[in-house]
file my_file28.csv (CSV, C-alpha atoms)
chain,number,residue,atom,x,y,z
Z,29,MET,CA,-51.0,-164.9,8.7
Z,30,SER,CA,-52.4,-164.6,5.2
Z,31,HIS,CA,-50.6,-166.4,2.4
Z,32,ASP,CA,-52.2,-164.2,-0.2
Z,33,HIS,CA,-49.9,-161.2,0.0
Z,34,LYS,CA,-51.5,-158.4,-1.8
Z,35,ILE,CA,-49.2,-155.4,-1.9
Z,36,GLU,CA,-50.5,-152.0,-1.1
Z,37,LYS,CA,-49.3,-148.6,-2.1
Z,38,ALA,CA,-50.5,-145.2,-1.0
Z,39,TRP,CA,-52.8,-143.8,-3.7
Z,40,GLN,CA,-50.7,-140.6,-3.9
Z,41,ALA,CA,-47.5,-142.6,-4.5
Z,42,LEU,CA,-49.2,-144.7,-7.2
Z,43,ARG,CA,-50.8,-141.7,-9.0
Z,44,THR,CA,-47.6,-139.7,-8.9
Z,45,GLU,CA,-45.6,-142.6,-10.3
Z,46,ALA,CA,-48.1,-143.1,-13.1
Z,47,ILE,CA,-48.1,-139.4,-14.0
Z,48,GLU,CA,-44.3,-139.3,-14.1
Z,49,SER,CA,-44.2,-142.4,-16.2
Z,50,LEU,CA,-46.7,-141.0,-18.7
Z,51,LEU,CA,-44.9,-137.7,-19.0
Z,52,ASN,CA,-41.7,-139.5,-19.6
Z,53,ASP,CA,-43.3,-141.6,-22.3
Z,54,ILE,CA,-44.6,-138.7,-24.3
Z,55,GLY,CA,-41.3,-136.9,-23.9
Z,56,VAL,CA,-42.7,-133.9,-21.9
Z,57,LEU,CA,-40.5,-134.5,-18.9
Z,58,ASP,CA,-37.3,-136.4,-18.3
Z,59,SER,CA,-37.0,-138.1,-14.9
Z,60,ALA,CA,-33.4,-137.1,-14.7
Z,61,GLU,CA,-34.4,-133.4,-14.7
Z,62,VAL,CA,-36.9,-134.1,-12.0
Z,63,ASP,CA,-34.1,-135.8,-10.0
Z,64,ALA,CA,-32.0,-132.7,-10.4
Z,65,VAL,CA,-34.6,-130.4,-9.0
Z,66,VAL,CA,-35.4,-132.7,-6.1
Z,67,HIS,CA,-31.7,-133.2,-5.4
Z,68,HIS,CA,-31.1,-129.4,-5.4
Z,69,TYR,CA,-33.9,-128.9,-2.8
Z,70,GLU,CA,-32.7,-131.8,-0.7
Z,71,GLU,CA,-29.1,-131.0,-0.7
Z,72,ASN,CA,-28.4,-127.3,-1.6
Z,73,VAL,CA,-31.3,-125.1,-0.6
Z,74,GLY,CA,-32.8,-124.7,2.8
Z,75,PRO,CA,-33.0,-122.2,5.7
Z,76,ARG,CA,-29.2,-122.0,5.8
Z,77,THR,CA,-29.4,-120.2,2.4
Z,78,GLY,CA,-31.6,-117.4,3.8
Z,79,ALA,CA,-29.4,-117.3,6.9
Z,80,ARG,CA,-26.4,-116.3,4.8
Z,81,VAL,CA,-28.5,-113.4,3.3
Z,82,VAL,CA,-29.5,-112.2,6.8
Z,83,ALA,CA,-26.0,-112.4,8.2
Z,84,LYS,CA,-24.6,-110.5,5.2
Z,85,ALA,CA,-27.2,-107.8,5.7
Z,86,TRP,CA,-26.3,-107.4,9.4
Z,87,VAL,CA,-22.6,-106.8,8.7
Z,88,ASP,CA,-22.7,-105.0,5.4
Z,89,PRO,CA,-24.9,-101.8,5.4
Z,90,ASP,CA,-24.5,-101.3,1.6
Z,91,PHE,CA,-25.7,-104.9,0.9
Z,92,LYS,CA,-28.6,-104.4,3.3
Z,93,ALA,CA,-29.6,-101.3,1.4
Z,94,ARG,CA,-29.6,-103.2,-1.9
Z,95,LEU,CA,-31.4,-106.1,-0.3
Z,96,MET,CA,-34.2,-103.8,1.0
Z,97,ALA,CA,-34.4,-102.2,-2.5
Z,98,ASP,CA,-34.5,-105.4,-4.6
Z,99,GLY,CA,-34.3,-108.6,-2.6
Z,100,LEU,CA,-33.8,-110.9,-5.5
Z,101,ALA,CA,-31.0,-108.9,-7.1
Z,102,ALA,CA,-29.1,-108.7,-3.8
Z,103,CYS,CA,-29.6,-112.5,-3.3
Z,104,ALA,CA,-28.2,-113.1,-6.8
Z,105,GLU,CA,-25.0,-111.4,-5.7
Z,106,LEU,CA,-24.5,-114.3,-3.3
Z,107,GLY,CA,-25.4,-116.8,-6.0
Z,108,ILE,CA,-28.8,-117.4,-4.4
Z,109,GLY,CA,-32.1,-117.5,-6.4
Z,110,GLY,CA,-33.9,-119.4,-9.1
Z,111,PRO,CA,-36.7,-119.0,-11.5
Z,112,GLU,CA,-39.2,-120.1,-8.9
Z,113,THR,CA,-39.2,-116.7,-7.3
Z,114,GLU,CA,-39.8,-113.5,-9.3
Z,115,LEU,CA,-40.1,-110.8,-6.6
Z,116,LEU,CA,-38.6,-110.9,-3.1
Z,117,HIS,CA,-39.6,-108.2,-0.6
Z,118,VAL,CA,-37.4,-108.1,2.5
Z,119,LEU,CA,-39.1,-107.0,5.7
Z,120,GLU,CA,-37.0,-105.6,8.5
Z,121,ASN,CA,-38.0,-106.3,12.0
Z,122,THR,CA,-37.2,-103.5,14.5
Z,123,ALA,CA,-38.0,-102.9,18.2
Z,124,GLN,CA,-41.2,-101.2,17.1
Z,125,VAL,CA,-42.4,-103.3,14.1
Z,126,HIS,CA,-42.6,-107.0,13.8
Z,127,ASN,CA,-43.2,-108.6,10.4
Z,128,VAL,CA,-44.6,-112.1,9.9
Z,129,VAL,CA,-45.4,-113.9,6.7
Z,130,VAL,CA,-48.3,-116.2,5.7
Z,131,CYS,CA,-49.9,-117.4,2.6
Z,132,THR,CA,-53.6,-117.5,3.3
Z,133,LEU,CA,-54.7,-119.2,0.0
Z,134,CYS,CA,-52.1,-121.8,-0.5
Z,135,SER,CA,-48.5,-121.9,0.8
Z,136,CYS,CA,-46.4,-119.5,-1.2
Z,137,TYR,CA,-42.9,-119.4,0.2
Z,138,PRO,CA,-39.5,-118.1,-1.1
Z,139,TRP,CA,-38.3,-121.6,-2.0
Z,140,PRO,CA,-34.9,-120.7,-3.4
Z,141,ILE,CA,-34.1,-118.6,-0.3
Z,142,LEU,CA,-35.6,-120.7,2.5
Z,143,GLY,CA,-36.1,-124.2,1.0
Z,144,LEU,CA,-39.5,-125.8,1.5
Z,145,PRO,CA,-42.0,-124.5,4.1
Z,146,PRO,CA,-42.6,-126.3,7.4
Z,147,VAL,CA,-45.8,-128.3,7.8
Z,148,TRP,CA,-47.4,-125.8,10.1
Z,149,TYR,CA,-46.9,-123.0,7.5
Z,150,LYS,CA,-49.2,-125.0,5.2
Z,151,SER,CA,-51.7,-125.9,7.9
Z,152,SER,CA,-55.2,-124.5,7.7
Z,153,ALA,CA,-54.9,-123.3,11.3
Z,154,TYR,CA,-51.9,-121.1,10.7
Z,155,ARG,CA,-53.2,-119.8,7.3
Z,156,SER,CA,-56.6,-118.9,8.6
Z,157,ARG,CA,-55.8,-117.6,12.0
Z,158,LEU,CA,-52.6,-115.5,11.5
Z,159,VAL,CA,-54.3,-112.6,9.8
Z,160,ARG,CA,-57.2,-112.6,12.2
Z,161,GLU,CA,-55.3,-112.9,15.5
Z,162,PRO,CA,-51.6,-112.5,14.9
Z,163,ARG,CA,-50.6,-111.6,18.4
Z,164,LYS,CA,-52.4,-114.7,19.8
Z,165,VAL,CA,-51.0,-117.1,17.2
Z,166,LEU,CA,-47.5,-115.8,17.7
Z,167,HIS,CA,-47.9,-116.2,21.5
Z,168,GLU,CA,-49.0,-119.8,21.0
Z,169,MET,CA,-45.9,-120.3,18.9
Z,170,GLY,CA,-43.7,-119.1,21.7
Z,171,LEU,CA,-43.3,-115.5,20.6
Z,172,SER,CA,-44.8,-113.0,23.0
Z,173,LEU,CA,-44.7,-109.4,21.7
Z,174,GLU,CA,-45.2,-106.3,23.8
Z,175,ASP,CA,-48.4,-104.5,23.2
Z,176,GLU,CA,-46.5,-101.5,21.8
Z,177,VAL,CA,-45.0,-103.5,19.1
Z,178,GLU,CA,-46.9,-103.2,15.8
Z,179,ILE,CA,-47.4,-106.5,14.1
Z,180,ARG,CA,-47.5,-106.5,10.3
Z,181,VAL,CA,-48.8,-109.6,8.6
Z,182,TRP,CA,-47.8,-110.1,5.0
Z,183,ASP,CA,-49.9,-112.4,2.8
Z,184,SER,CA,-47.9,-113.9,0.0
Z,185,VAL,CA,-50.0,-113.3,-3.1
Z,186,SER,CA,-49.3,-113.6,-6.8
Z,187,GLU,CA,-45.6,-113.3,-7.5
Z,188,ILE,CA,-44.4,-111.6,-4.4
Z,189,ARG,CA,-42.5,-113.6,-1.8
Z,190,TYR,CA,-41.3,-112.3,1.6
Z,191,LEU,CA,-38.3,-112.7,3.7
Z,192,VAL,CA,-38.2,-111.3,7.2
Z,193,LEU,CA,-34.9,-109.8,8.3
Z,194,PRO,CA,-34.8,-110.5,12.0
Z,195,GLN,CA,-33.2,-108.2,14.5
Z,196,ARG,CA,-29.5,-109.0,15.1
Z,197,PRO,CA,-29.3,-110.6,18.6
Z,198,GLU,CA,-27.6,-108.9,21.4
Z,199,GLY,CA,-24.1,-109.9,22.3
Z,200,THR,CA,-23.0,-110.7,18.7
Z,201,GLU,CA,-20.7,-107.7,18.2
Z,202,GLY,CA,-17.6,-109.9,18.0
Z,203,LEU,CA,-19.0,-112.5,15.6
Z,204,ASP,CA,-18.1,-112.7,11.9
Z,205,GLU,CA,-20.6,-113.2,9.1
Z,206,ALA,CA,-20.3,-117.0,9.1
Z,207,GLN,CA,-20.8,-117.2,12.8
Z,208,LEU,CA,-23.8,-114.9,12.6
Z,209,ALA,CA,-25.4,-117.0,9.9
Z,210,GLU,CA,-25.3,-120.0,12.3
Z,211,LEU,CA,-27.6,-118.1,14.7
Z,212,VAL,CA,-30.3,-117.4,12.2
Z,213,SER,CA,-33.3,-119.7,12.4
Z,214,ARG,CA,-35.8,-120.5,9.8
Z,215,ASP,CA,-38.7,-119.4,12.0
Z,216,SER,CA,-37.1,-116.0,12.5
Z,217,MET,CA,-37.1,-115.5,8.8
Z,218,ILE,CA,-40.8,-116.3,8.6
Z,219,GLY,CA,-41.4,-114.0,11.5
Z,220,VAL,CA,-42.7,-116.4,14.1
Z,221,ALA,CA,-39.7,-116.4,16.3
Z,222,HIS,CA,-37.1,-114.0,17.7
Z,223,LEU,CA,-33.4,-114.8,17.9
Z,224,GLN,CA,-32.2,-115.3,21.4
Z,225,PRO,CA,-29.4,-113.1,22.8
Z,226,TYR,CA,-26.1,-114.6,22.1
Z,227,THR,CA,-24.3,-116.1,25.2
Z,228,GLY,CA,-21.4,-117.7,23.4
Z,229,LYS,CA,-22.7,-121.2,24.0
Z,230,GLY,CA,-23.7,-123.4,21.1
Z,231,ALA,CA,-27.4,-123.4,20.3
P,211,MET,CA,-56.9,-127.9,15.1
P,212,GLN,CA,-56.5,-126.7,18.7
P,213,PRO,CA,-54.0,-124.0,19.5
P,214,HIS,CA,-51.7,-126.2,21.5
P,215,GLU,CA,-51.5,-128.5,18.5
P,216,LEU,CA,-50.1,-125.8,16.4
P,217,LEU,CA,-47.5,-125.2,19.0
P,218,ASP,CA,-46.8,-128.9,19.1
P,219,GLN,CA,-46.2,-128.9,15.4
P,220,VAL,CA,-43.8,-126.0,15.6
P,221,HIS,CA,-41.7,-127.6,18.3
P,222,GLY,CA,-42.3,-131.1,17.0
P,223,ALA,CA,-39.0,-132.7,16.1
P,224,GLY,CA,-38.4,-134.7,13.0
P,225,LEU,CA,-39.9,-132.7,10.2
P,226,ALA,CA,-38.1,-129.5,10.8
P,227,HIS,CA,-35.0,-130.5,8.8
P,228,LEU,CA,-36.5,-132.8,6.2
P,229,SER,CA,-37.2,-131.2,2.9
P,230,PHE,CA,-39.8,-133.8,1.8
P,231,THR,CA,-41.6,-136.1,4.1
P,232,SER,CA,-42.4,-138.6,1.4
P,233,PRO,CA,-40.7,-139.6,-1.8
P,234,TRP,CA,-43.9,-139.0,-3.9
P,235,ALA,CA,-44.1,-135.4,-2.5
P,236,ALA,CA,-40.6,-134.9,-3.7
P,237,ARG,CA,-41.4,-136.2,-7.2
P,238,LEU,CA,-44.5,-134.0,-7.4
P,239,PHE,CA,-42.5,-130.9,-6.4
P,240,GLY,CA,-39.8,-131.8,-8.9
P,241,MET,CA,-42.2,-132.5,-11.7
P,242,THR,CA,-44.0,-129.2,-11.1
P,243,LEU,CA,-40.9,-127.1,-11.2
P,244,THR,CA,-39.5,-128.9,-14.2
P,245,ALA,CA,-42.8,-128.5,-16.1
P,246,ALA,CA,-42.8,-124.8,-15.3
P,247,GLN,CA,-39.1,-124.4,-16.4
P,248,LYS,CA,-40.1,-126.0,-19.7
P,249,GLU,CA,-43.1,-123.6,-19.9
P,250,ILE,CA,-45.6,-126.3,-20.1
P,251,PHE,CA,-47.5,-124.1,-17.6
P,252,SER,CA,-46.5,-121.2,-15.5
P,253,LEU,CA,-46.0,-121.4,-11.7
P,254,GLN,CA,-48.8,-118.8,-11.5
P,255,ASP,CA,-51.1,-121.2,-13.3
P,256,PHE,CA,-50.1,-123.9,-10.9
P,257,GLN,CA,-50.6,-121.6,-7.9
P,258,GLN,CA,-54.2,-121.0,-9.0
P,259,ALA,CA,-54.8,-124.7,-9.5
P,260,LEU,CA,-53.3,-125.4,-6.0
P,261,ILE,CA,-55.4,-122.7,-4.4
P,262,ALA,CA,-58.6,-124.2,-5.9
P,263,SER,CA,-57.5,-127.7,-4.9
P,264,ILE,CA,-56.8,-126.6,-1.3
P,265,GLN,CA,-60.1,-124.7,-1.1
P,266,ARG,CA,-62.0,-127.9,-2.2
P,267,HIS,CA,-60.1,-129.9,0.4
P,268,GLU,CA,-60.8,-127.3,3.2
P,269,GLN,CA,-64.5,-127.4,2.5
P,270,GLY,CA,-64.4,-130.9,4.0
P,271,SER,CA,-61.5,-130.8,6.4
P,272,CYS,CA,-58.4,-128.9,7.5
P,273,ILE,CA,-54.9,-129.4,6.3
P,274,GLU,CA,-52.8,-130.6,9.2
P,275,SER,CA,-50.2,-132.8,7.6
P,276,ASP,CA,-47.8,-132.8,4.7
P,277,GLU,CA,-49.7,-135.8,3.3
P,278,GLN,CA,-52.9,-133.8,3.1
P,279,TYR,CA,-51.1,-130.8,1.6
P,280,TYR,CA,-49.3,-132.7,-1.1
P,281,SER,CA,-52.4,-134.6,-1.9
P,282,CYS,CA,-53.9,-131.3,-2.8
P,283,TRP,CA,-50.8,-130.6,-4.8
P,284,LEU,CA,-51.2,-133.9,-6.7
P,285,VAL,CA,-54.8,-133.1,-7.6
P,286,ALA,CA,-53.8,-129.7,-8.8
P,287,LEU,CA,-51.0,-131.0,-10.9
P,288,GLN,CA,-53.0,-133.8,-12.4
P,289,GLY,CA,-55.8,-131.3,-13.3
P,290,LEU,CA,-53.5,-128.9,-14.9
P,291,LEU,CA,-51.8,-131.6,-17.0
P,292,GLU,CA,-55.2,-132.9,-18.1
P,293,GLN,CA,-56.3,-129.4,-18.9
P,294,HIS,CA,-53.3,-129.1,-21.2
P,295,GLU,CA,-54.3,-132.5,-22.7
P,296,LEU,CA,-50.9,-134.0,-21.8
P,297,ILE,CA,-52.4,-136.8,-19.8
P,298,GLN,CA,-55.9,-138.4,-19.6
P,299,SER,CA,-57.3,-139.9,-16.5
P,300,GLU,CA,-58.1,-143.2,-18.3
P,301,ARG,CA,-54.5,-143.6,-19.2
P,302,ILE,CA,-53.5,-142.9,-15.6
P,303,ALA,CA,-55.7,-145.7,-14.4
P,304,VAL,CA,-54.2,-148.1,-16.9
P,305,VAL,CA,-50.6,-147.2,-16.0
P,306,GLU,CA,-51.5,-147.5,-12.3
P,307,ALA,CA,-52.7,-151.0,-12.8
P,308,GLU,CA,-49.5,-151.9,-14.7
P,309,ILE,CA,-47.4,-150.5,-11.9
P,310,MET,CA,-49.3,-152.5,-9.3
P,311,ALA,CA,-49.1,-155.7,-11.3
P,312,LYS,CA,-45.3,-155.3,-11.7
P,313,ALA,CA,-44.9,-154.5,-8.0
P,314,GLN,CA,-46.9,-157.6,-7.1
P,315,GLN,CA,-44.8,-159.7,-9.4
P,316,ARG,CA,-41.6,-158.4,-7.8
P,317,HIS,CA,-43.1,-159.0,-4.4
P,318,ASP,CA,-44.1,-162.5,-5.2
P,319,HIS,CA,-40.8,-163.3,-6.7
P,320,GLN,CA,-39.0,-162.0,-3.6
P,321,ARG,CA,-41.2,-164.0,-1.3
P,322,THR,CA,-40.5,-167.3,-3.1
P,323,GLY,CA,-36.8,-166.4,-3.2
P,324,HIS,CA,-36.3,-165.0,0.3
P,325,HIS,CA,-39.1,-166.2,2.4
P,326,HIS,CA,-37.1,-166.0,5.6
P,327,HIS,CA,-36.5,-162.3,5.1
P,328,ASP,CA,-40.0,-161.2,4.6
P,329,HIS,CA,-40.4,-158.2,6.9
P,330,HIS,CA,-43.5,-156.9,5.2
P,331,VAL,CA,-41.6,-154.0,3.7
P,332,SER,CA,-43.7,-153.9,0.6
P,333,HIS,CA,-47.0,-153.3,2.4
P,334,VAL,CA,-46.2,-150.7,4.9
P,335,HIS,CA,-48.3,-148.1,3.2
P,336,HIS,CA,-51.9,-147.9,4.1
P,337,ALA,CA,-53.9,-147.4,0.9
P,338,GLU,CA,-56.4,-144.6,1.0
P,339,PRO,CA,-59.6,-144.2,-0.9
P,340,GLU,CA,-59.7,-141.8,-3.8
P,341,GLN,CA,-60.3,-138.3,-2.4
P,342,GLN,CA,-60.7,-136.4,-5.6
P,343,ALA,CA,-63.5,-133.9,-6.0
call {"tool": "encode", "arguments": {"input": "my_file28.csv", "output": "structure tokens"}}
result
Amino acid sequence: MSHDHKIEKAWQALRTEAIESLLNDIGVLDSAEVDAVVHHYEENVGPRTGARVVAKAWVDPDFKARLMADGLAACAELGIGGPETELLHVLENTAQVHNVVVCTLCSCYPWPILGLPPVWYKSSAYRSRLVREPRKVLHEMGLSLEDEVEIRVWDSVSEIRYLVLPQRPEGTEGLDEAQLAELVSRDSMIGVAHLQPYTGKGA
Amino acid sequence: MQPHELLDQVHGAGLAHLSFTSPWAARLFGMTLTAAQKEIFSLQDFQQALIASIQRHEQGSCIESDEQYYSCWLVALQGLLEQHELIQSERIAVVEAEIMAKAQQRHDHQRTGHHHHDHHVSHVHHAEPEQQA
């Protein structure tokens, strides 16, 4: 055991702390404001936010029409949104067409609707392969689509963000909006998963 | 990355319900959004900086973890702030040294005060060499 305990810190943690400290010192940023943003994303926003939008679209045809016409305006009706997203296109999955979203250049994602993206969404493998071989990638991720189903890959560019509206699962006719929202997974709203038929048992 | 590894990541537990996988990534994200809200730069500007940073990283190796991804984010944010002349890399180095000196002081103090409870909590992070382009 060494008696000379030198502490270590990940260079990213150190650099980040230094930058925040400097920005505070010159009055450009206030750490309390940063706290508020972080807290919002840790506590309030996440895939459950998007699930509410999807469930509402399933039960309310008028809302769905508005959502398809202007995603952000419809989300705002539910108190969902933020300055981080300027344009939201909603893509409806059907028996014939399957939509899936990627950001090939970085990792654009509809933060205020779905929270932060999963690790695999940011990975080089997903970003480089999905456009090239979507059927294969989706299969590897556990989603096998029939050959007849057309796959549309949407690359998030500039200001446009995408939300996939998954197909409503079978067996959910008797469920209300809140119960439906419970069934909607994050991955189904990115387009890498289907929702399983509802059996009445908890997921 | 092999195909099955992608699948493993998808089904891998743990990360799925965590917003941020490290505190510094959370601070970076928060600082970026706050700066954009204050119109210090636009999110489009940041996006371009992030794209360039990721491209530089991917010339050498793939992004397979949150740590690698947010490291690119850090390089992008630092570059943008330097470009706007809000921070200078020399000043960052000075502040980093101050932070480390203070942390060392606290650590030494705790060790002399609580030597029975030293569980090495202060040096769990493995320091990485500078990766900047």
call {"tool": "residues_around", "arguments": {"input": "my_file28.csv", "residues": "stretch 237-239 of chain P", "least_positions_apart": "4", "cutoff": "12 Å", "atoms": "only C-alpha atoms", "output": "JSON, numbers by chain"}}
result
{"Z": [40, 41, 42, 43, 44, 45, 46, 47, 48, 49, 57, 58, 59, 60, 61, 62, 63, 64, 65, 66, 67, 68, 69, 70, 112, 139, 143, 144], "P": [229, 230, 231, 232, 233, 243, 244, 245, 246, 253, 256, 279, 280, 281, 282, 283, 284, 285, 286, 287, 288]}
call {"tool": "residues_around", "arguments": {"input": "my_file28.csv", "residues": "Z:Gly202", "least_positions_apart": "5", "cutoff": "12 Å", "atoms": "only C-alpha atoms", "output": "count of residues only"}}
result
7
call {"tool": "residues_around", "arguments": {"input": "my_file28.csv", "residues": "Z:Pro138", "least_positions_apart": "3", "cutoff": "8 Å", "atoms": "all atoms listed in the file", "output": "PyMOL selection string"}}
result
chain Z and resi 113+116+141-143+189-191
call {"tool": "residues_around", "arguments": {"input": "my_file28.csv", "residues": "Z:Ala97", "least_positions_apart": "3", "cutoff": "12 Å", "atoms": "all atoms listed in the file", "output": "PyMOL selection string"}}
result
chain Z and resi 90-94+100-103+115-120
call {"tool": "residues_around", "arguments": {"input": "my_file28.csv", "residues": "Z:Pro145", "least_positions_apart": "5", "cutoff": "12 Å", "atoms": "only C-alpha atoms", "output": "PyMOL selection string"}}
result
(chain Z and resi 69+73-75+129-131+134-140+150-151+214-215+217-218) or (chain P and resi 220+225-231+276+279)
call {"tool": "write_last_selection", "arguments": {"input": "my_file28.csv", "atoms": "C-alpha atoms", "output": "tab-separated table (two decimals), in the frame of the given file"}}
result
chain	number	residue	atom	x	y	z
Z	69	TYR	CA	-33.90	-128.90	-2.80
Z	73	VAL	CA	-31.30	-125.10	-0.60
Z	74	GLY	CA	-32.80	-124.70	2.80
Z	75	PRO	CA	-33.00	-122.20	5.70
Z	129	VAL	CA	-45.40	-113.90	6.70
Z	130	VAL	CA	-48.30	-116.20	5.70
Z	131	CYS	CA	-49.90	-117.40	2.60
Z	134	CYS	CA	-52.10	-121.80	-0.50
Z	135	SER	CA	-48.50	-121.90	0.80
Z	136	CYS	CA	-46.40	-119.50	-1.20
Z	137	TYR	CA	-42.90	-119.40	0.20
Z	138	PRO	CA	-39.50	-118.10	-1.10
Z	139	TRP	CA	-38.30	-121.60	-2.00
Z	140	PRO	CA	-34.90	-120.70	-3.40
Z	150	LYS	CA	-49.20	-125.00	5.20
Z	151	SER	CA	-51.70	-125.90	7.90
Z	214	ARG	CA	-35.80	-120.50	9.80
Z	215	ASP	CA	-38.70	-119.40	12.00
Z	217	MET	CA	-37.10	-115.50	8.80
Z	218	ILE	CA	-40.80	-116.30	8.60
P	220	VAL	CA	-43.80	-126.00	15.60
P	225	LEU	CA	-39.90	-132.70	10.20
P	226	ALA	CA	-38.10	-129.50	10.80
P	227	HIS	CA	-35.00	-130.50	8.80
P	228	LEU	CA	-36.50	-132.80	6.20
P	229	SER	CA	-37.20	-131.20	2.90
P	230	PHE	CA	-39.80	-133.80	1.80
P	231	THR	CA	-41.60	-136.10	4.10
P	276	ASP	CA	-47.80	-132.80	4.70
P	279	TYR	CA	-51.10	-130.80	1.60
call {"tool": "atom_distance", "arguments": {"input": "my_file28.csv", "atom1": "atom CA of Z:Lys84", "atom2": "atom CA of Z:Ala209"}}
result
8.1 Å
call {"tool": "residues_near_point", "arguments": {"input": "my_file28.csv", "point": "(-31.7, -114.5, 6.8)", "cutoff": "7 Å", "atoms": "all atoms listed in the file", "output": "list in words"}}
result
Gly78, Ala79, Arg80, Val81, Val82, Ala83, Leu193, Val212 and Met217 of chain Z
call {"tool": "atom_distance", "arguments": {"input": "my_file28.csv", "atom1": "atom CA of P:Leu291", "atom2": "atom CA of Z:Gly55"}}
result
13.6 Å
call {"tool": "closest_residue", "arguments": {"input": "my_file28.csv", "among": "P:Gly240, P:His317, P:Ser275, P:Ser263", "to": "P:Leu290", "atoms": "all atoms listed in the file"}}
result
P:Ser263
call {"tool": "closest_residue", "arguments": {"input": "my_file28.csv", "among": "P:Ala259, P:Gln293, P:Gly270, P:Ile302", "to": "chain Z", "atoms": "only C-alpha atoms"}}
result
P:Ile302
call {"tool": "atom_distance", "arguments": {"input": "my_file28.csv", "atom1": "atom CA of Z:Glu198", "atom2": "atom CA of Z:Pro225"}}
result
4.8 Å
call {"tool": "closest_residue", "arguments": {"input": "my_file28.csv", "among": "Z:His126, Z:His33, Z:Arg196, Z:Arg76", "to": "Z:Pro162", "atoms": "all atoms listed in the file"}}
result
Z:His126
call {"tool": "closest_residue", "arguments": {"input": "my_file28.csv", "among": "Z:Ser156, Z:Thr77, Z:Asn127, Z:Ser186", "to": "chain P", "atoms": "only C-alpha atoms"}}
result
Z:Ser186
call {"tool": "closest_residue", "arguments": {"input": "my_file28.csv", "among": "Z:Glu176, Z:Asp183, Z:Glu161, Z:Glu36", "to": "chain P", "atoms": "only C-alpha atoms"}}
result
Z:Glu36
call {"tool": "closest_residue", "arguments": {"input": "my_file28.csv", "among": "P:Gln298, P:Gln320, P:Glu277, P:Glu306", "to": "chain Z", "atoms": "all atoms listed in the file"}}
result
P:Glu306
